[in-house]
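Visitor: Structure supplied as data.tsv; contents: TSV, C-alpha atoms and all ligand atoms.
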```
chain	number	residue	atom	x	y	z
A	1	MET	CA	99.18	134.19	186.93
A	2	THR	CA	102.02	133.63	184.48
A	3	LEU	CA	101.49	134.59	180.86
A	4	GLU	CA	101.30	130.91	179.94
A	5	GLU	CA	98.59	130.35	182.56
A	6	LEU	CA	96.69	133.40	181.39
A	7	ASP	CA	96.83	132.19	177.78
A	8	LYS	CA	95.72	128.70	178.74
A	9	LYS	CA	92.85	130.00	180.84
A	10	TYR	CA	91.44	132.62	178.48
A	11	ILE	CA	92.56	131.78	174.94
A	12	LEU	CA	90.83	128.96	173.08
A	13	GLN	CA	93.61	126.45	172.69
A	14	THR	CA	93.64	126.06	168.91
A	15	TYR	CA	97.44	126.35	168.51
A	16	ALA	CA	100.28	124.16	169.73
A	17	ARG	CA	101.98	127.25	171.15
A	18	ASP	CA	105.48	128.08	172.23
A	19	TYR	CA	105.57	130.39	175.24
A	20	THR	CA	108.60	132.57	174.52
A	21	ASN	CA	107.33	136.07	175.22
A	22	PHE	CA	108.64	138.36	172.49
A	23	VAL	CA	108.37	142.00	173.45
A	24	LYS	CA	110.30	143.82	170.73
A	25	GLY	CA	111.71	143.39	167.26
A	26	VAL	CA	114.31	145.33	165.29
A	27	GLY	CA	114.85	144.31	161.68
A	28	SER	CA	115.05	140.50	161.74
A	29	THR	CA	115.99	140.28	165.40
A	30	LEU	CA	113.41	139.61	168.11
A	31	TYR	CA	113.87	140.18	171.84
A	32	ASP	CA	112.13	138.28	174.61
A	33	GLU	CA	111.10	139.69	177.98
A	34	ASN	CA	114.54	138.86	179.42
A	35	GLY	CA	116.33	140.80	176.69
A	36	ARG	CA	117.54	137.65	174.91
A	37	ASP	CA	117.81	138.03	171.15
A	38	TYR	CA	116.53	135.66	168.48
A	39	ILE	CA	117.13	135.79	164.74
A	40	ASP	CA	113.78	135.72	163.00
A	41	PHE	CA	113.76	133.38	159.99
A	42	ALA	CA	109.95	133.12	160.14
A	43	SER	CA	108.71	136.73	159.92
A	44	GLY	CA	105.35	135.82	161.43
A	45	ILE	CA	104.81	133.19	158.69
A	46	ALA	CA	105.74	135.49	155.80
A	47	VAL	CA	103.91	138.51	157.22
A	48	ASN	CA	106.65	140.84	158.47
A	49	SER	CA	107.90	141.39	154.94
A	50	VAL	CA	109.87	144.49	155.89
A	51	GLY	CA	111.05	143.20	159.26
A	52	HIS	CA	110.21	144.52	162.70
A	53	GLY	CA	110.14	148.19	163.64
A	54	ASN	CA	110.72	149.39	160.08
A	55	GLU	CA	110.87	153.18	160.35
A	56	LYS	CA	109.04	153.90	157.09
A	57	LEU	CA	106.22	151.44	157.85
A	58	THR	CA	105.76	152.43	161.49
A	59	SER	CA	105.70	156.14	160.59
A	60	ALA	CA	103.14	155.52	157.84
A	61	ILE	CA	100.95	153.61	160.32
A	62	CYS	CA	101.31	156.26	163.05
A	63	GLU	CA	100.70	159.18	160.72
A	64	GLN	CA	97.63	157.51	159.22
A	65	ALA	CA	96.31	156.52	162.66
A	66	LYS	CA	96.48	160.15	163.79
A	67	LYS	CA	94.41	161.23	160.76
A	68	ILE	CA	91.76	158.52	160.13
A	69	ILE	CA	91.95	154.81	160.94
A	70	HIS	CA	88.66	153.73	159.47
A	71	ILE	CA	85.70	154.94	157.48
A	72	SER	CA	83.35	152.41	155.96
A	73	ASN	CA	83.56	151.17	152.40
A	74	LEU	CA	80.46	153.25	151.66
A	75	GLN	CA	82.92	156.13	151.22
A	76	VAL	CA	85.83	156.33	148.83
A	77	ILE	CA	89.14	155.67	150.63
A	78	GLU	CA	92.18	157.44	149.19
A	79	PRO	CA	94.99	155.08	150.30
A	80	GLN	CA	92.83	152.10	149.23
A	81	ALA	CA	92.51	153.43	145.67
A	82	LYS	CA	96.22	154.28	145.58
A	83	LEU	CA	97.26	150.88	146.90
A	84	ALA	CA	95.07	149.13	144.32
A	85	GLN	CA	96.69	151.23	141.57
A	86	ARG	CA	100.16	150.34	142.88
A	87	MET	CA	99.38	146.63	143.07
A	88	VAL	CA	97.89	146.55	139.59
A	89	GLU	CA	100.85	148.46	138.13
A	90	LEU	CA	103.41	146.26	139.87
A	91	SER	CA	101.61	143.10	138.75
A	92	GLY	CA	101.55	144.18	135.11
A	93	TYR	CA	98.03	142.73	134.80
A	94	ASP	CA	94.92	144.68	133.86
A	95	MET	CA	93.05	143.89	137.08
A	96	GLY	CA	90.67	145.37	139.63
A	97	VAL	CA	91.13	144.83	143.37
A	98	PHE	CA	88.83	143.97	146.27
A	99	PHE	CA	90.33	144.36	149.74
A	100	ALA	CA	89.69	141.96	152.60
A	101	ASN	CA	91.46	141.21	155.88
A	102	SER	CA	93.14	137.84	155.50
A	103	GLY	CA	94.22	135.17	153.07
A	104	ALA	CA	91.17	133.02	153.67
A	105	GLU	CA	88.88	135.98	153.10
A	106	ALA	CA	90.75	136.86	149.89
A	107	ASN	CA	90.28	133.27	148.68
A	108	GLU	CA	86.59	133.39	149.61
A	109	GLY	CA	86.34	136.45	147.36
A	110	ALA	CA	88.14	134.63	144.56
A	111	ILE	CA	85.77	131.68	144.82
A	112	LYS	CA	82.76	133.99	144.80
A	113	ILE	CA	84.03	135.74	141.67
A	114	ALA	CA	84.60	132.37	140.00
A	115	ARG	CA	81.18	131.05	141.01
A	116	LYS	CA	79.37	134.13	139.71
A	117	TYR	CA	81.40	133.97	136.50
A	118	GLY	CA	80.34	130.32	136.15
A	119	GLU	CA	76.70	131.22	136.78
A	120	THR	CA	76.43	134.22	134.48
A	121	LYS	CA	78.83	133.67	131.57
A	122	PHE	CA	77.74	130.25	130.30
A	123	ASP	CA	74.50	128.63	129.18
A	124	LYS	CA	75.11	125.72	131.51
A	125	LYS	CA	76.18	126.64	135.05
A	126	ARG	CA	79.82	126.00	135.93
A	127	TYR	CA	80.70	125.83	139.62
A	128	LYS	CA	83.39	123.21	140.27
A	129	VAL	CA	86.76	124.32	141.57
A	130	ILE	CA	89.76	122.01	141.25
A	131	THR	CA	92.65	122.39	143.69
A	132	LEU	CA	95.83	120.40	144.26
A	133	GLU	CA	96.69	117.85	146.90
A	134	HIS	CA	98.88	119.27	149.69
A	135	SER	CA	97.51	122.75	149.02
A	136	PHE	CA	96.44	125.15	151.74
A	137	HIS	CA	93.87	127.87	151.14
A	138	GLY	CA	92.55	128.88	154.57
A	139	ARG	CA	90.45	128.00	157.58
A	140	THR	CA	86.95	129.20	156.79
A	141	ILE	CA	84.47	126.45	155.98
A	142	THR	CA	84.83	127.05	152.23
A	143	THR	CA	88.59	127.57	152.07
A	144	VAL	CA	89.23	124.60	154.35
A	145	LYS	CA	87.20	122.55	151.88
A	146	ALA	CA	89.25	124.05	149.02
A	147	THR	CA	92.39	122.90	150.86
A	148	GLY	CA	93.66	119.65	149.36
A	149	GLN	CA	94.49	117.88	152.60
A	150	GLU	CA	91.99	115.30	153.82
A	151	SER	CA	93.01	115.82	157.46
A	152	PHE	CA	91.43	119.29	157.32
A	153	HIS	CA	88.04	117.94	156.20
A	154	THR	CA	87.09	116.47	159.53
A	155	PRO	CA	83.42	115.60	160.04
A	156	ASN	CA	83.53	117.96	163.05
A	157	PHE	CA	82.83	120.91	160.78
A	158	SER	CA	80.69	119.24	158.13
A	159	PRO	CA	78.72	119.65	155.97
A	160	TYR	CA	81.11	121.53	153.69
A	161	PRO	CA	80.19	123.37	150.49
A	162	ALA	CA	80.05	121.14	147.43
A	163	GLY	CA	82.06	121.53	144.25
A	164	PHE	CA	85.67	121.08	145.35
A	165	SER	CA	87.97	118.29	144.22
A	166	TYR	CA	91.70	117.69	144.58
A	167	GLU	CA	94.22	116.37	142.13
A	168	LYS	CA	97.60	114.74	142.81
A	169	SER	CA	99.42	116.46	139.96
A	170	ILE	CA	98.98	119.05	137.22
A	171	GLU	CA	98.63	116.18	134.72
A	172	ASP	CA	95.63	114.94	136.70
A	173	VAL	CA	94.02	118.39	136.60
A	174	TYR	CA	93.54	118.09	132.81
A	175	LYS	CA	91.64	114.85	133.26
A	176	ALA	CA	89.47	116.26	136.04
A	177	ILE	CA	88.17	119.26	134.08
A	178	ASP	CA	84.59	118.82	132.85
A	179	ASP	CA	81.86	121.13	131.53
A	180	GLU	CA	80.96	122.15	135.08
A	181	THR	CA	84.49	123.21	136.03
A	182	VAL	CA	84.73	126.94	136.55
A	183	ALA	CA	88.23	127.31	137.99
A	184	VAL	CA	91.52	125.78	139.02
A	185	LEU	CA	92.89	127.21	142.26
A	186	ILE	CA	96.61	126.75	142.81
A	187	GLU	CA	99.62	127.91	144.84
A	188	LEU	CA	102.64	128.09	142.52
A	189	VAL	CA	104.81	127.19	145.49
A	190	GLN	CA	102.86	125.15	148.00
A	191	GLY	CA	103.76	126.75	151.31
A	192	GLU	CA	102.08	124.97	154.22
A	193	GLY	CA	102.16	121.74	152.19
A	194	GLY	CA	105.98	121.63	152.24
A	195	VAL	CA	107.51	124.59	150.31
A	196	GLN	CA	107.06	122.77	147.01
A	197	PRO	CA	107.25	124.77	143.77
A	198	PHE	CA	105.57	123.57	140.58
A	199	GLU	CA	107.57	123.49	137.34
A	200	LYS	CA	107.31	126.72	135.36
A	201	LYS	CA	106.74	124.96	132.00
A	202	GLU	CA	104.04	122.76	133.49
A	203	ILE	CA	102.20	125.78	134.88
A	204	GLN	CA	102.51	127.73	131.63
A	205	LYS	CA	101.04	124.80	129.72
A	206	LEU	CA	98.17	124.52	132.18
A	207	ALA	CA	97.51	128.28	132.05
A	208	ALA	CA	97.28	128.19	128.24
A	209	TYR	CA	94.98	125.15	128.32
A	210	LEU	CA	92.63	126.77	130.84
A	211	LYS	CA	92.50	130.02	128.86
A	212	GLU	CA	91.45	128.13	125.72
A	213	ARG	CA	88.55	126.55	127.62
A	214	ASN	CA	87.48	129.64	129.58
A	215	VAL	CA	88.29	127.88	132.84
A	216	LEU	CA	89.60	130.45	135.32
A	217	LEU	CA	93.08	130.21	136.75
A	218	ILE	CA	93.09	131.42	140.35
A	219	VAL	CA	96.57	131.77	141.81
A	220	ASP	CA	96.66	131.82	145.60
A	221	GLU	CA	99.57	134.17	146.25
A	222	VAL	CA	98.75	134.69	149.91
A	223	GLN	CA	102.20	133.35	150.78
A	224	THR	CA	104.12	133.68	147.49
A	225	GLY	CA	103.01	137.24	146.73
A	226	VAL	CA	104.58	140.63	147.52
A	227	TYR	CA	108.12	139.75	146.37
A	228	ARG	CA	108.46	136.56	148.43
A	229	THR	CA	109.75	134.63	145.41
A	230	GLY	CA	111.83	137.54	144.09
A	231	GLU	CA	109.18	139.07	141.80
A	232	PHE	CA	106.14	141.07	142.90
A	233	LEU	CA	104.01	137.99	142.21
A	234	ALA	CA	105.08	134.40	141.71
A	235	SER	CA	102.76	134.61	138.68
A	236	ASN	CA	105.23	137.18	137.25
A	237	LEU	CA	108.11	134.79	137.89
A	238	TYR	CA	106.20	131.98	136.17
A	239	GLU	CA	105.28	134.38	133.34
A	240	ILE	CA	101.59	133.49	133.31
A	241	GLU	CA	98.47	135.61	133.19
A	242	PRO	CA	96.06	134.43	135.86
A	243	ASP	CA	92.40	135.42	135.92
A	244	ILE	CA	92.41	135.92	139.67
A	245	VAL	CA	95.21	136.44	142.19
A	246	THR	CA	94.84	136.50	145.96
A	247	LEU	CA	97.23	138.22	148.36
A	248	ALA	CA	97.50	138.79	152.10
A	249	LYS	CA	100.39	138.05	154.52
A	250	GLY	CA	103.30	140.28	153.41
A	251	LEU	CA	101.15	143.05	151.93
A	252	GLY	CA	100.54	144.92	155.20
A	253	GLY	CA	103.88	144.10	156.84
A	254	GLY	CA	101.91	142.86	159.88
A	255	VAL	CA	98.76	144.94	159.62
A	256	PRO	CA	95.94	142.57	158.59
A	257	ILE	CA	95.03	142.92	154.94
A	258	GLY	CA	93.94	140.59	152.15
A	259	ALA	CA	93.19	141.26	148.51
A	260	VAL	CA	91.68	139.57	145.52
A	261	MET	CA	92.67	140.90	142.11
A	262	THR	CA	91.01	139.91	138.86
A	263	THR	CA	91.00	140.70	135.17
A	264	HIS	CA	87.24	139.99	135.22
A	265	LYS	CA	86.36	143.38	136.60
A	266	ASP	CA	82.69	143.26	135.60
A	267	VAL	CA	81.69	140.05	137.39
A	268	LEU	CA	80.91	141.42	140.85
A	269	SER	CA	78.53	144.32	141.15
A	270	ALA	CA	77.28	146.45	144.06
A	271	GLY	CA	75.96	144.28	146.85
A	272	ASP	CA	77.65	141.05	145.68
A	273	HIS	CA	80.50	141.19	148.15
A	274	GLY	CA	81.74	143.33	150.98
A	275	SER	CA	83.81	143.65	154.13
A	276	THR	CA	83.51	146.08	157.02
A	277	PHE	CA	87.23	146.43	157.66
A	278	GLY	CA	88.63	145.41	154.27
A	279	GLY	CA	90.93	148.04	152.77
A	280	ASN	CA	90.50	150.63	155.51
A	281	TYR	CA	92.79	153.65	155.85
A	282	LEU	CA	95.18	152.02	158.29
A	283	SER	CA	95.81	148.76	156.44
A	284	THR	CA	96.08	150.34	153.00
A	285	ALA	CA	98.41	153.10	154.25
A	286	ALA	CA	100.56	150.26	155.63
A	287	GLY	CA	100.33	148.43	152.29
A	288	LEU	CA	101.49	151.52	150.41
A	289	ALA	CA	104.52	151.90	152.69
A	290	VAL	CA	105.37	148.19	152.33
A	291	LEU	CA	105.22	148.40	148.54
A	292	ASP	CA	107.39	151.54	148.54
A	293	ILE	CA	110.04	149.80	150.61
A	294	LEU	CA	109.96	146.51	148.72
A	295	SER	CA	109.73	147.89	145.20
A	296	GLU	CA	112.81	150.01	145.94
A	297	LEU	CA	114.63	146.95	147.29
A	298	TYR	CA	113.65	145.06	144.14
A	299	GLU	CA	114.62	147.83	141.72
A	300	SER	CA	118.02	148.35	143.36
A	301	GLY	CA	118.91	144.67	142.99
A	302	ALA	CA	119.34	144.34	146.77
A	303	LEU	CA	116.47	141.85	147.06
A	304	ASP	CA	118.07	139.58	144.47
A	305	GLU	CA	121.36	139.69	146.35
A	306	THR	CA	119.63	138.69	149.59
A	307	LEU	CA	117.81	135.80	147.88
A	308	LEU	CA	121.03	134.44	146.41
A	309	TYR	CA	122.94	134.87	149.66
A	310	PHE	CA	120.27	133.06	151.66
A	311	GLU	CA	120.00	130.27	149.10
A	312	GLN	CA	123.75	129.68	149.09
A	313	LYS	CA	123.82	129.43	152.89
A	314	LEU	CA	120.95	126.96	152.85
A	315	GLN	CA	122.57	124.85	150.15
A	316	ASP	CA	125.78	124.71	152.17
A	317	ILE	CA	123.89	123.49	155.24
A	318	ALA	CA	121.91	120.93	153.21
A	319	ALA	CA	125.17	119.56	151.76
A	320	LYS	CA	126.92	119.50	155.13
A	321	TYR	CA	124.10	117.75	156.96
A	322	GLU	CA	123.05	115.14	154.41
A	323	ASN	CA	122.49	112.80	157.33
A	324	LEU	CA	119.53	114.97	158.44
A	325	PHE	CA	118.19	116.59	155.28
A	326	GLU	CA	117.22	115.10	151.94
A	327	LYS	CA	117.31	118.33	150.00
A	328	GLU	CA	116.80	122.04	149.92
A	329	VAL	CA	113.43	123.18	148.48
A	330	GLY	CA	111.61	126.39	147.58
A	331	LEU	CA	112.10	129.64	145.73
A	332	GLY	CA	113.25	133.15	146.62
A	333	LEU	CA	112.89	133.72	150.35
A	334	MET	CA	110.36	130.92	150.66
A	335	ARG	CA	112.70	128.07	151.47
A	336	GLY	CA	112.81	124.74	153.20
A	337	LEU	CA	114.99	121.84	154.15
A	338	ARG	CA	113.28	118.51	153.66
A	339	ALA	CA	114.21	116.54	156.80
A	340	LYS	CA	114.66	112.78	156.61
A	341	ASN	CA	111.73	112.35	158.99
A	342	ALA	CA	109.25	114.21	161.19
A	343	ASP	CA	111.31	113.62	164.35
A	344	ILE	CA	114.28	115.43	162.83
A	345	GLN	CA	111.98	118.24	161.69
A	346	GLY	CA	110.60	118.65	165.23
A	347	SER	CA	114.01	118.51	166.93
A	348	VAL	CA	115.56	121.01	164.50
A	349	ILE	CA	112.79	123.54	165.14
A	350	LYS	CA	112.97	123.09	168.91
A	351	ASN	CA	116.77	123.22	169.05
A	352	SER	CA	116.83	126.29	166.84
A	353	LEU	CA	114.66	128.19	169.28
A	354	LYS	CA	116.94	127.11	172.12
A	355	GLU	CA	119.86	128.53	170.13
A	356	GLY	CA	118.00	131.80	169.52
A	357	LEU	CA	116.59	131.26	166.05
A	358	VAL	CA	112.95	131.13	164.94
A	359	VAL	CA	112.22	128.70	162.08
A	360	LEU	CA	108.96	127.04	161.05
A	361	LYS	CA	107.56	123.70	160.06
A	362	ALA	CA	105.77	122.92	156.79
A	363	GLY	CA	104.15	119.68	155.73
A	364	ARG	CA	105.19	116.54	157.55
A	365	ASN	CA	108.97	116.84	157.32
A	366	THR	CA	110.06	120.25	156.10
A	367	VAL	CA	111.86	122.89	158.14
A	368	ARG	CA	110.71	126.17	156.65
A	369	PHE	CA	112.48	129.52	156.30
A	370	LEU	CA	110.47	132.67	155.59
A	371	PRO	CA	112.72	135.55	156.63
A	372	SER	CA	111.74	139.15	156.10
A	373	LEU	CA	112.72	140.46	152.67
A	374	THR	CA	114.77	143.20	154.31
A	375	ILE	CA	116.94	140.79	156.33
A	376	SER	CA	120.62	141.85	156.46
A	377	LYS	CA	123.61	139.67	155.55
A	378	ASN	CA	124.77	139.88	159.18
A	379	GLU	CA	121.43	138.55	160.39
A	380	ILE	CA	121.53	135.76	157.79
A	381	ASP	CA	125.08	134.83	158.89
A	382	GLU	CA	124.13	134.88	162.56
A	383	GLY	CA	120.94	132.91	161.91
A	384	PHE	CA	122.80	130.16	160.07
A	385	LYS	CA	125.46	130.06	162.80
A	386	ARG	CA	122.69	129.39	165.30
A	387	PHE	CA	121.02	126.92	162.95
A	388	GLU	CA	124.23	124.98	162.66
A	389	ALA	CA	124.58	124.93	166.44
A	390	ALA	CA	121.03	123.55	166.59
A	391	VAL	CA	121.54	120.78	164.03
A	392	SER	CA	125.12	119.75	164.76
A	393	SER	CA	124.10	118.25	168.09
A	394	LEU	CA	121.49	115.95	166.47
A	401	LIG	C1	98.66	129.87	150.38
A	401	LIG	C2	97.80	130.31	151.53
A	401	LIG	N1	96.51	130.61	151.30
A	401	LIG	C3	95.71	131.02	152.30
A	401	LIG	C4	96.16	131.12	153.59
A	401	LIG	C5	95.24	131.59	154.67
A	401	LIG	O1	95.58	132.87	155.06
A	401	LIG	P1	95.01	133.50	156.42
A	401	LIG	O2	95.58	132.72	157.54
A	401	LIG	O3	95.48	134.93	156.39
A	401	LIG	O4	93.53	133.39	156.35
A	401	LIG	C6	97.50	130.81	153.87
A	401	LIG	C7	98.01	130.89	155.25
A	401	LIG	O5	98.98	130.30	155.61
A	401	LIG	C8	98.34	130.40	152.81
A	401	LIG	O6	99.62	130.08	153.02
```
Please re-express this file's structure in structure tokens.
Ligand SMILES: Cc1ncc(COP(=O)(O)O)c(C=O)c1O
Guide:
Amino acid sequence: MTLEELDKKYILQTYARDYTNFVKGVGSTLYDENGRDYIDFASGIAVNSVGHGNEKLTSAICEQAKKIIHISNLQVIEPQAKLAQRMVELSGYDMGVFFANSGAEANEGAIKIARKYGETKFDKKRYKVITLEHSFHGRTITTVKATGQESFHTPNFSPYPAGFSYEKSIEDVYKAIDDETVAVLIELVQGEGGVQPFEKKEIQKLAAYLKERNVLLIVDEVQTGVYRTGEFLASNLYEIEPDIVTLAKGLGGGVPIGAVMTTHKDVLSAGDHGSTFGGNYLSTAAGLAVLDILSELYESGALDETLLYFEQKLQDIAAKYENLFEKEVGLGLMRGLRAKNADIQGSVIKNSLKEGLVVLKAGRNTVRFLPSLTISKNEIDEGFKRFEAAVSSL
């Protein structure tokens, strides 16, 4: 049986999969089973934050695996406590951390914290959560309902939990808030929805308004977090003080980990929430190594240089191929080219892979770029050379 046949026979077919068989990665270069190389501008959808085969990360994982991989959360876990300390210090917020295994699970935790806050802190229960249209918050029944895209709310999985509503714009959020609203859940740069950042001033105004009314601001940083936008959190870049932040993707550099951080440290108590695997030795040792690597990159100014270099290259391409792309969108190393239509988007992604470059889709017409934060200038140059080869034939 070929690998494709094996996959089709035994894997539930929930993804529209490509069948290139990657067997190795070095930095931001992937190799398939025939030894062909591909530049990786996707980093596993913003997961491989420090690239493939990073020496510091792989050693940390191996060393930890040889000692202890997992002990339950009924025991204290040293790398978990240290990672939480590191995250809190880097964020600059006075927060406590709960560790989970994925973005959806982190958002579930955030919603639970908000719901309990709404139940216990007010005379009249508050439970409603407002999210934005085109948002994406996960695939569990609750987070799919929190996602502001009607196509995800198919009757196939109904009934969904009550209490979620979606607004077209930040301006509409103000009008939607009532005395039962407990939280607003938002991505500062909508990732899956089309790499669309919100205006900093608009977000700051909203944050101040919510604070005045004791409505929680939950920032979903599953994709924007861990230096993706150039700061540790996009919330730092936007200079706001959220009540709750969720993280996942880039935090473990590929080892599954999710986290919810909150300033409301007293809301959850023993027994309110839990996770068997969340924050185990292996994933938190990986998280510590990732933060060591990335905070050094940030402090040295090298991350900033990479962001600017990548942005310039993308702007050049957008200007050169105005016939295909409307504009360049995004922030930091979370970037996109808004294609003139979905056909162009599809062809660009397919052609790129043929040329040896992995890029992603987002929304209905955006070609998305989420390279690792450690990508080299040579890899960026080579990637854009291949990208140009892919688009120039269209
Ligand atoms: C902003 C955001 N939130 C939540 C999720 C869900 O994360 P996971 O797939 O790890 O559950 C994603 C995944 O793409 C995301 O981009």
Visitor: May I ask you to write as a PyMOL selection string all residues lying at most 7 Å from ligand LIG 401 (chain A), with only C-alpha atoms and all ligand atoms counted?
Guide: chain A and resi 102-105+107+136-139+187+190-192+220-223+248-249
Visitor: Do you have the atom CA of Leu185 of chain A-atom CA of His153 of chain A distance handy?
Guide: 17.4 Å
Visitor: Please report, as a tab-separated table, each residue of segment 182-250 of chain A lying at most 12 Å from segment 290-296 of chain A, together with the nearest pair of atoms and the separation in Å rounded to one decimal; use all atoms listed in the file, and order rows by chain and ascending residue number.
Guide:
```
residue	atom	partner	partner_atom	distance
A:Gly225	CA	A:Leu291	CA	11.5
A:Val226	CA	A:Leu291	CA	7.9
A:Tyr227	CA	A:Leu294	CA	7.4
A:Arg228	CA	A:Leu294	CA	10.1
A:Gly230	CA	A:Leu294	CA	10.3
A:Glu231	CA	A:Ser295	CA	9.5
A:Phe232	CA	A:Ser295	CA	8.0
A:Leu233	CA	A:Ser295	CA	11.8
A:Lys249	CA	A:Val290	CA	11.5
A:Gly250	CA	A:Val290	CA	8.2
```
Visitor: Counting all atoms listed in the file, select every polymer residue within 9 Å of (116.8, 139.4, 163.5) as defined in the file's coordinates, and provide the selection as a PyMOL selection string.
Guide: chain A and resi 25-31+37-41+51-52+357+371-372+375-376+379-380+382-383
Visitor: Using all atoms listed in the file, pick whichever of A:Ile240, A:Ala289, A:Ile218, A:Leu370 has the shortest atom-to-atom distance to Arg115 of chain A.
Guide: A:Ile218
Visitor: Using all atoms listed in the file for the distances, tell me which of A:Ser169, A:Thr229, A:Ser352, A:Thr2 is nearest to Leu206 of chain A.
Guide: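 So, comparing all the options, the nearest one is A:Ser169.
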Visitor: Name the residues in contact with Asp178 of chain A at a cut-off of 10 Å, using only C-alpha atoms, excluding same-chain residues fewer than 6 positions from it; report them as an MDAnalysis selection string.
Guide: chainID A and resid 126 128 215
Visitor: Could you write out that same residue set with C-alpha atoms as a PDB file, in the frame of the given file?
Guide:
```pdb
ATOM      1  CA  ARG A 126      79.820 126.000 135.930  1.00  0.00           C
ATOM      2  CA  LYS A 128      83.390 123.210 140.270  1.00  0.00           C
ATOM      3  CA  VAL A 215      88.290 127.880 132.840  1.00  0.00           C
TER       4      VAL A 215
END
```
Visitor: When distances are computed from all atoms listed in the file, which of A:Ile113, A:Val144, A:Leu217, A:Leu331 shows the smallest separation from Leu237 of chain A?
Guide: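 Checking each candidate against Leu237 of chain A, we get A:Leu331 as the closest.
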Visitor: Please indicate the distance in Å from atom CA of Leu57 of chain A to atom CA of Ala285 of chain A, rounded to one decimal place.
Guide: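 Atom-to-atom, atom CA of Leu57 of chain A and atom CA of Ala285 of chain A are spaced 8.8 Å apart.
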Visitor: Would you mind telling me which residue in A:Val358, A:Val367, A:Ile244, A:Leu324 lies nearest to Tyr117 of chain A when using only C-alpha atoms?
Guide: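 Comparing A:Val358, A:Val367, A:Ile244, A:Leu324 against Tyr117 of chain A, the winner is A:Ile244.
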Visitor: Wanna dump the segment 317-376 of chain A-segment 9-18 of chain A contacts at 12 Å for me, each residue with its shortest atom pair and the distance in Å to one decimal, counting all atoms listed in the file, ordered by chain and number, as JSON lines?
Guide:
```
{"residue": "A:Ile349", "atom": "CA", "partner": "A:Asp18", "partner_atom": "CA", "distance": 11.1}
{"residue": "A:Lys350", "atom": "CA", "partner": "A:Asp18", "partner_atom": "CA", "distance": 9.6}
{"residue": "A:Leu353", "atom": "CA", "partner": "A:Asp18", "partner_atom": "CA", "distance": 9.6}
{"residue": "A:Lys354", "atom": "CA", "partner": "A:Asp18", "partner_atom": "CA", "distance": 11.5}
{"residue": "A:Val358", "atom": "CA", "partner": "A:Asp18", "partner_atom": "CA", "distance": 10.9}
{"residue": "A:Leu360", "atom": "CA", "partner": "A:Asp18", "partner_atom": "CA", "distance": 11.8}
```
Visitor: Extract, using only C-alpha atoms, all DNA, RNA and protein residues at most 10 Å from Asn101 of chain A, discarding same-chain residues fewer than 4 positions from it, and format them as a ChimeraX atom specification.
Guide: /A:105-106,247-249,252,255-259,275-280,283
Visitor: Tell me, in Å to one decimal, how far atom CA of Ile141 of chain A is from atom CA of Glu171 of chain A.
Guide: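 That distance, rounded to one decimal, is 27.5 Å.
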Visitor: Determine, counting all atoms listed in the file, which protein, DNA and RNA residues have an atom within 12 Å of an atom of Lys175 of chain A; residues of the same chain fewer than 6 positions away are not included. Present the result as number ranges by chain.
Guide: A: 130, 166-169, 181, 206, 209
